[in-house]
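Student: Quick one: this structure, given as structure tokens, is what I'll be asking you about.
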Amino acid sequence: MWTRLAAKRAPLSFQLELTARCNNDCRHCYINLPAGDLAARARELTAEEIFRIADQAVEMGAVWCLLTGGEPLLRADFAEIYLGLKQRGLLLSLFTNACLLAPEHVALLRRHPPRDVEVSVYGASREAYERVTRRRGSFAAFTRGLNLLLDGGVDVRLKAVAMRSNIDEFPAIAAFCRDRTKDYYRFDPLLHLRYDRDPERNAEIRAERLTPAEIVAVERADGERFGALTSVGVEGARTANDGSPRENDHLFHCGAGTSSFTVGADGMLRLCGALVHPGTTYNLRAGSLREAWQEFVPRVRDLRGTNQLFLQRCRQCDIIDLCQWCPAHADLESGAMDEWADYFCAVAHARAAALAVPLA
């Protein structure tokens, strides 16, 4: 039944990774490749290929597109791509580190406003910021770019990642963000691993992860965040987003591939940004978006788990909604989509203890 319904439901939004390259080298990043990586650049979709995919998406009902990376502004043809997508009637959002922003970018965004621009804040001081980015001068570039956006009247949202390299000044980061965007600020204290599974980079990410107790402390210190966690109840946790009981063996109980999808810089369609498991991606250079959406995506959505530890320990867990676990993240952790992840489990139980959630 789900596959028949999903095939008829048009996607409403998609995420477009313009590049995997970045001008920074952040310790926690799950995707970044060097800005000068010629092989990565050669794999990137051309503007013409992007427009072909966008035309198909609009024809199927898409109305919103998120431009992300890597760092999207590394593309010399960014303005051409941005305008081409706007001309197709898409609402656009942009994720950027702001370090490469120039007056001509702000002029473009003012003439053709995006829905919003979301900027990552890695530190409130030069020391913390550049400890994360590993690029001298990046804090000055970031503050210059952010001020260009704010002074230009562009709608800006700020976000942060809590990690070992910036945790000491995280309250200052929150204050920095809220001082500049009164209506919106979010942060993520959970780091997931690399899409390319690079072992050295994954070791760096693991080293940046906070302990479960530290994550709870950061979340408890933020009233909005802790209030959202408090609203998660046991009954809500026992039922998936699609209304089905969590006890069944379906892997996907999230919204991946139901009303949105991700297009990688190399043209590979993913149900969500983090889902890179072999057999779950579709090459849009070799096939159509409609075929992917109507035939391929439902097959992936229908995948089942067979690992009994996962089925008995995770699928029936009362606090799964407090957990970072999902098929995509489980795969990045272990190479299997139906595997238990001890780090995510420990964080979920620390949250449950802080919230005094009763366990069965």
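Convention: chains lettered A, B, ... in structure tokens order; per-chain residue numbering from 1; ligands numbered from 1 as shown.
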Near stretch 10-26 of chain A, within 8 Å and counting only C-alpha atoms, which residues show up once chain neighbours fewer than 5 positions away are dropped, as number ranges by chain?
Tutor: A: 31-37, 40-41, 44-45, 57, 60-72, 74-75, 132-135, 138, 258-265, 273
Student: What does the file look like for those residues with C-alpha atoms, as a JSON list (two decimals), in the first residue's frame?
Tutor:
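The new file result.json reads:
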[["chain", "number", "residue", "atom", "x", "y", "z"],
["A", 31, "ILE", "CA", 31.39, 15.60, 3.53],
["A", 32, "ASN", "CA", 34.06, 18.24, 2.89],
["A", 33, "LEU", "CA", 36.84, 17.77, 0.37],
["A", 34, "PRO", "CA", 39.62, 20.29, -0.33],
["A", 35, "ALA", "CA", 38.63, 23.35, -2.32],
["A", 36, "GLY", "CA", 41.21, 22.52, -4.96],
["A", 37, "ASP", "CA", 40.28, 18.83, -5.34],
["A", 40, "ALA", "CA", 35.84, 16.16, -6.94],
["A", 41, "ARG", "CA", 35.29, 19.19, -9.15],
["A", 44, "GLU", "CA", 30.18, 17.84, -10.03],
["A", 45, "LEU", "CA", 26.97, 18.33, -11.96],
["A", 57, "ALA", "CA", 11.43, 18.24, -10.05],
["A", 60, "MET", "CA", 6.58, 16.72, -10.36],
["A", 61, "GLY", "CA", 5.47, 19.45, -7.98],
["A", 62, "ALA", "CA", 8.63, 20.58, -6.16],
["A", 63, "VAL", "CA", 8.43, 24.12, -4.83],
["A", 64, "TRP", "CA", 11.50, 24.47, -2.57],
["A", 65, "CYS", "CA", 15.19, 23.76, -3.03],
["A", 66, "LEU", "CA", 18.02, 24.00, -0.51],
["A", 67, "LEU", "CA", 21.44, 24.85, -1.99],
["A", 68, "THR", "CA", 24.21, 23.37, 0.10],
["A", 69, "GLY", "CA", 27.61, 21.68, -0.08],
["A", 70, "GLY", "CA", 30.45, 21.60, 0.78],
["A", 71, "GLU", "CA", 30.52, 25.35, 0.32],
["A", 72, "PRO", "CA", 28.18, 26.36, -2.55],
["A", 74, "LEU", "CA", 33.03, 27.81, -4.36],
["A", 75, "ARG", "CA", 31.16, 27.25, -7.62],
["A", 132, "VAL", "CA", 37.31, 23.97, 14.26],
["A", 133, "THR", "CA", 37.91, 25.17, 10.69],
["A", 134, "ARG", "CA", 41.71, 24.72, 10.74],
["A", 135, "ARG", "CA", 41.99, 27.75, 8.45],
["A", 138, "SER", "CA", 38.58, 32.11, 8.51],
["A", 258, "THR", "CA", 8.25, 10.73, 1.21],
["A", 259, "SER", "CA", 8.15, 14.44, 0.39],
["A", 260, "SER", "CA", 11.80, 15.30, -0.19],
["A", 261, "PHE", "CA", 15.07, 13.97, -1.53],
["A", 262, "THR", "CA", 18.73, 14.94, -1.85],
["A", 263, "VAL", "CA", 20.79, 15.28, -5.03],
["A", 264, "GLY", "CA", 24.51, 14.90, -4.45],
["A", 265, "ALA", "CA", 27.11, 16.96, -6.25],
["A", 273, "GLY", "CA", 21.26, 13.61, 2.95]]
Student: Residues within 12 Å of A:Tyr82, please, as an MDAnalysis selection string. Count only C-alpha atoms; anything in the same chain fewer than 5 positions from it doesn't count.
Tutor: chainID A and resid 16 18 47 50:51 54 65:68 72:73 75:77 87:94 105 108:109 111:114
Student: Please measure the separation of atom CA of A:Gln294 and atom CA of A:Gln56, giving the value in Å to one decimal.
Tutor: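 It comes out at 12.8 Å.
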Student: Among stretch 80-197 of chain A, which ones does DSSP assign to strand (DSSP E or B) (computed from the backbone)? Answer as a list in words.
Tutor: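 Selecting the strand (DSSP E or B) positions of stretch 80-197 of chain A gives Leu91, Leu92, Ser93, Leu94, Phe95, Thr96, Asp116, Val117, Glu118, Val119, Ser120, Val121, Val156, Arg157, Leu158, Lys159, Ala160, Val161, Tyr185, Arg186, Phe187 and Asp188 of chain A.
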Student: Hey, can you spit out that residue selection with N, CA and C atoms as a compact mmCIF listing (two decimals), in the first residue's frame?
Tutor:
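Final file, result_12.txt:
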# COMPACT_ATOMS: atom_id res chain seq x y z
N LEU A 91 11.40 28.18 -4.64
CA LEU A 91 11.83 28.90 -3.46
C LEU A 91 13.19 28.34 -3.05
N LEU A 92 14.15 29.24 -2.82
CA LEU A 92 15.51 28.79 -2.54
C LEU A 92 15.96 29.15 -1.13
N SER A 93 16.68 28.23 -0.52
CA SER A 93 17.42 28.49 0.70
C SER A 93 18.88 28.18 0.42
N LEU A 94 19.76 28.80 1.20
CA LEU A 94 21.19 28.63 0.99
C LEU A 94 21.87 28.35 2.32
N PHE A 95 22.65 27.27 2.36
CA PHE A 95 23.54 27.00 3.50
C PHE A 95 24.94 27.42 3.12
N THR A 96 25.60 28.20 3.96
CA THR A 96 26.95 28.69 3.65
C THR A 96 27.71 28.94 4.94
N ASP A 116 15.65 32.03 2.84
CA ASP A 116 16.56 32.37 3.93
C ASP A 116 17.97 31.91 3.57
N VAL A 117 18.93 32.44 4.30
CA VAL A 117 20.32 32.00 4.22
C VAL A 117 20.70 31.51 5.61
N GLU A 118 21.19 30.29 5.71
CA GLU A 118 21.55 29.72 7.01
C GLU A 118 23.07 29.62 7.08
N VAL A 119 23.64 30.22 8.12
CA VAL A 119 25.09 30.32 8.27
C VAL A 119 25.54 29.53 9.49
N SER A 120 26.58 28.76 9.32
CA SER A 120 27.14 27.98 10.42
C SER A 120 28.09 28.83 11.26
N VAL A 121 27.98 28.73 12.59
CA VAL A 121 28.83 29.47 13.52
C VAL A 121 29.63 28.44 14.33
N VAL A 156 18.64 35.97 7.58
CA VAL A 156 19.71 35.07 7.98
C VAL A 156 19.26 34.24 9.18
N ARG A 157 19.60 32.97 9.13
CA ARG A 157 19.43 32.08 10.26
C ARG A 157 20.81 31.57 10.65
N LEU A 158 21.02 31.41 11.94
CA LEU A 158 22.32 30.95 12.42
C LEU A 158 22.17 29.61 13.11
N LYS A 159 23.18 28.77 12.95
CA LYS A 159 23.19 27.45 13.57
C LYS A 159 24.59 27.14 14.06
N ALA A 160 24.68 26.22 15.00
CA ALA A 160 25.98 25.85 15.56
C ALA A 160 26.03 24.36 15.80
N VAL A 161 27.25 23.86 15.93
CA VAL A 161 27.48 22.46 16.27
C VAL A 161 28.29 22.43 17.56
N TYR A 185 17.52 30.30 15.98
CA TYR A 185 18.86 29.77 16.23
C TYR A 185 18.71 28.30 16.60
N ARG A 186 19.52 27.45 16.01
CA ARG A 186 19.47 26.04 16.36
C ARG A 186 20.88 25.51 16.49
N PHE A 187 21.01 24.42 17.22
CA PHE A 187 22.32 23.81 17.34
C PHE A 187 22.17 22.30 17.37
N ASP A 188 23.25 21.61 17.04
CA ASP A 188 23.25 20.15 17.00
C ASP A 188 24.42 19.65 17.83
Student: Nearest to A:Tyr30 among A:Ala353, A:Leu146, A:Leu332, A:Ala286, with distances taken over only C-alpha atoms: which residue is it?
Tutor: A:Leu332
Student: Tell me, as a ChimeraX atom specification, which residues lie within 10 Å of A:Arg304, counting only C-alpha atoms; anything in the same chain fewer than 2 positions away does not count.
Tutor: /A:248-252,300-302,306-307,337-338
Student: Would you mind exporting the chosen residues as an mmCIF file, in the first residue's frame, restricted to all heavy atoms?
Tutor:
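Final file, part.cif:
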data_model
loop_
_atom_site.group_PDB
_atom_site.id
_atom_site.type_symbol
_atom_site.label_atom_id
_atom_site.label_comp_id
_atom_site.auth_asym_id
_atom_site.auth_seq_id
_atom_site.Cartn_x
_atom_site.Cartn_y
_atom_site.Cartn_z
ATOM 1 N N ASN A 248 7.492 -3.327 14.120
ATOM 2 C CA ASN A 248 7.648 -4.080 12.874
ATOM 3 C C ASN A 248 9.067 -3.959 12.340
ATOM 4 O O ASN A 248 9.888 -3.201 12.845
ATOM 5 C CB ASN A 248 6.592 -3.658 11.837
ATOM 6 C CG ASN A 248 6.802 -2.252 11.316
ATOM 7 O OD1 ASN A 248 7.923 -1.822 11.109
ATOM 8 N ND2 ASN A 248 5.719 -1.536 11.071
ATOM 9 N N ASP A 249 9.367 -4.708 11.266
ATOM 10 C CA ASP A 249 10.746 -4.815 10.795
ATOM 11 C C ASP A 249 11.088 -3.854 9.671
ATOM 12 O O ASP A 249 12.172 -3.945 9.105
ATOM 13 C CB ASP A 249 11.050 -6.258 10.372
ATOM 14 C CG ASP A 249 10.144 -6.741 9.232
ATOM 15 O OD1 ASP A 249 9.226 -5.988 8.832
ATOM 16 O OD2 ASP A 249 10.353 -7.877 8.759
ATOM 17 N N HIS A 250 10.184 -2.945 9.323
ATOM 18 C CA HIS A 250 10.529 -1.927 8.331
ATOM 19 C C HIS A 250 11.675 -1.063 8.866
ATOM 20 O O HIS A 250 11.662 -0.657 10.025
ATOM 21 C CB HIS A 250 9.334 -1.023 8.029
ATOM 22 C CG HIS A 250 8.367 -1.618 7.053
ATOM 23 N ND1 HIS A 250 7.284 -2.350 7.454
ATOM 24 C CD2 HIS A 250 8.348 -1.601 5.696
ATOM 25 C CE1 HIS A 250 6.606 -2.740 6.381
ATOM 26 N NE2 HIS A 250 7.229 -2.316 5.313
ATOM 27 N N LEU A 251 12.642 -0.764 7.996
ATOM 28 C CA LEU A 251 13.762 0.073 8.422
ATOM 29 C C LEU A 251 13.371 1.536 8.527
ATOM 30 O O LEU A 251 13.807 2.250 9.413
ATOM 31 C CB LEU A 251 14.924 -0.076 7.431
ATOM 32 C CG LEU A 251 15.759 -1.337 7.559
ATOM 33 C CD1 LEU A 251 16.764 -1.420 6.412
ATOM 34 C CD2 LEU A 251 16.490 -1.370 8.890
ATOM 35 N N PHE A 252 12.546 1.991 7.597
ATOM 36 C CA PHE A 252 12.270 3.428 7.501
ATOM 37 C C PHE A 252 10.930 3.770 8.129
ATOM 38 O O PHE A 252 9.876 3.357 7.664
ATOM 39 C CB PHE A 252 12.302 3.879 6.037
ATOM 40 C CG PHE A 252 13.659 3.793 5.417
ATOM 41 C CD1 PHE A 252 14.051 2.651 4.743
ATOM 42 C CD2 PHE A 252 14.569 4.838 5.532
ATOM 43 C CE1 PHE A 252 15.324 2.556 4.189
ATOM 44 C CE2 PHE A 252 15.838 4.757 4.980
ATOM 45 C CZ PHE A 252 16.215 3.608 4.299
ATOM 46 N N VAL A 300 13.373 1.150 -1.869
ATOM 47 C CA VAL A 300 14.261 1.401 -0.727
ATOM 48 C C VAL A 300 13.439 1.569 0.548
ATOM 49 O O VAL A 300 13.777 1.015 1.605
ATOM 50 C CB VAL A 300 15.138 2.643 -0.984
ATOM 51 C CG1 VAL A 300 15.989 2.965 0.248
ATOM 52 C CG2 VAL A 300 16.026 2.427 -2.205
ATOM 53 N N ARG A 301 12.354 2.321 0.467
ATOM 54 C CA ARG A 301 11.504 2.549 1.638
ATOM 55 C C ARG A 301 10.942 1.247 2.197
ATOM 56 O O ARG A 301 10.598 1.173 3.384
ATOM 57 C CB ARG A 301 10.332 3.463 1.271
ATOM 58 C CG ARG A 301 10.671 4.923 1.086
ATOM 59 C CD ARG A 301 10.755 5.691 2.356
ATOM 60 N NE ARG A 301 9.671 5.467 3.281
ATOM 61 C CZ ARG A 301 9.556 6.110 4.447
ATOM 62 N NH1 ARG A 301 10.442 6.997 4.813
ATOM 63 N NH2 ARG A 301 8.551 5.863 5.251
ATOM 64 N N ASP A 302 10.852 0.225 1.380
ATOM 65 C CA ASP A 302 10.253 -1.034 1.808
ATOM 66 C C ASP A 302 11.272 -2.020 2.382
ATOM 67 O O ASP A 302 10.924 -3.146 2.734
ATOM 68 C CB ASP A 302 9.523 -1.697 0.635
ATOM 69 C CG ASP A 302 8.514 -2.736 1.086
ATOM 70 O OD1 ASP A 302 7.797 -2.475 2.069
ATOM 71 O OD2 ASP A 302 8.455 -3.818 0.469
ATOM 72 N N THR A 306 16.830 -7.410 9.467
ATOM 73 C CA THR A 306 16.897 -8.826 9.834
ATOM 74 C C THR A 306 17.746 -9.065 11.080
ATOM 75 O O THR A 306 17.732 -10.161 11.632
ATOM 76 C CB THR A 306 17.466 -9.657 8.675
ATOM 77 O OG1 THR A 306 18.787 -9.183 8.360
ATOM 78 C CG2 THR A 306 16.587 -9.555 7.433
ATOM 79 N N ASN A 307 18.489 -8.062 11.509
ATOM 80 C CA ASN A 307 19.349 -8.188 12.671
ATOM 81 C C ASN A 307 18.495 -8.249 13.936
ATOM 82 O O ASN A 307 17.833 -7.274 14.307
ATOM 83 C CB ASN A 307 20.308 -7.001 12.725
ATOM 84 C CG ASN A 307 21.261 -7.047 13.894
ATOM 85 O OD1 ASN A 307 21.122 -7.859 14.804
ATOM 86 N ND2 ASN A 307 22.234 -6.148 13.895
ATOM 87 N N MET A 337 22.402 -1.002 7.959
ATOM 88 C CA MET A 337 21.290 -0.119 8.281
ATOM 89 C C MET A 337 20.435 -0.647 9.429
ATOM 90 O O MET A 337 19.587 0.078 9.949
ATOM 91 C CB MET A 337 20.416 0.120 7.049
ATOM 92 C CG MET A 337 21.111 0.906 5.956
ATOM 93 S SD MET A 337 19.981 1.433 4.633
ATOM 94 C CE MET A 337 19.578 -0.157 3.895
ATOM 95 N N ASP A 338 20.627 -1.908 9.810
ATOM 96 C CA ASP A 338 19.839 -2.462 10.908
ATOM 97 C C ASP A 338 20.755 -2.869 12.057
ATOM 98 O O ASP A 338 20.659 -3.964 12.605
ATOM 99 C CB ASP A 338 18.984 -3.648 10.436
ATOM 100 C CG ASP A 338 19.816 -4.791 9.876
ATOM 101 O OD1 ASP A 338 21.033 -4.607 9.675
ATOM 102 O OD2 ASP A 338 19.237 -5.880 9.643
#
Student: Kindly indicate which residue among A:Val357, A:Val154, A:Phe170, A:Glu224 lies nearest to A:Tyr184, using only C-alpha atoms for the distances.
Tutor: A:Glu224
Student: Please report, as a PyMOL selection string, each residue of stretch 30-215 of chain A to which DSSP assigns helix (DSSP H, G or I) when run on this structure's backbone.
Tutor: chain A and resi 38-43+47-59+72-74+78-87+103-111+126-133+138-151+167-180+199-208+212-215
Student: Using atom CA of A:Ala356 and atom CA of A:Ala341 as the two end points, give the distance in Å to one decimal.
Tutor: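 Computing it gives 22.3 Å between the two atoms.
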Student: Let me make sure I understand: among A:Asp266, A:Glu208, A:Glu219, A:Glu295, which one has the smallest atom-to-atom distance to A:Arg351 if we use only C-alpha atoms?
Tutor: A:Glu219
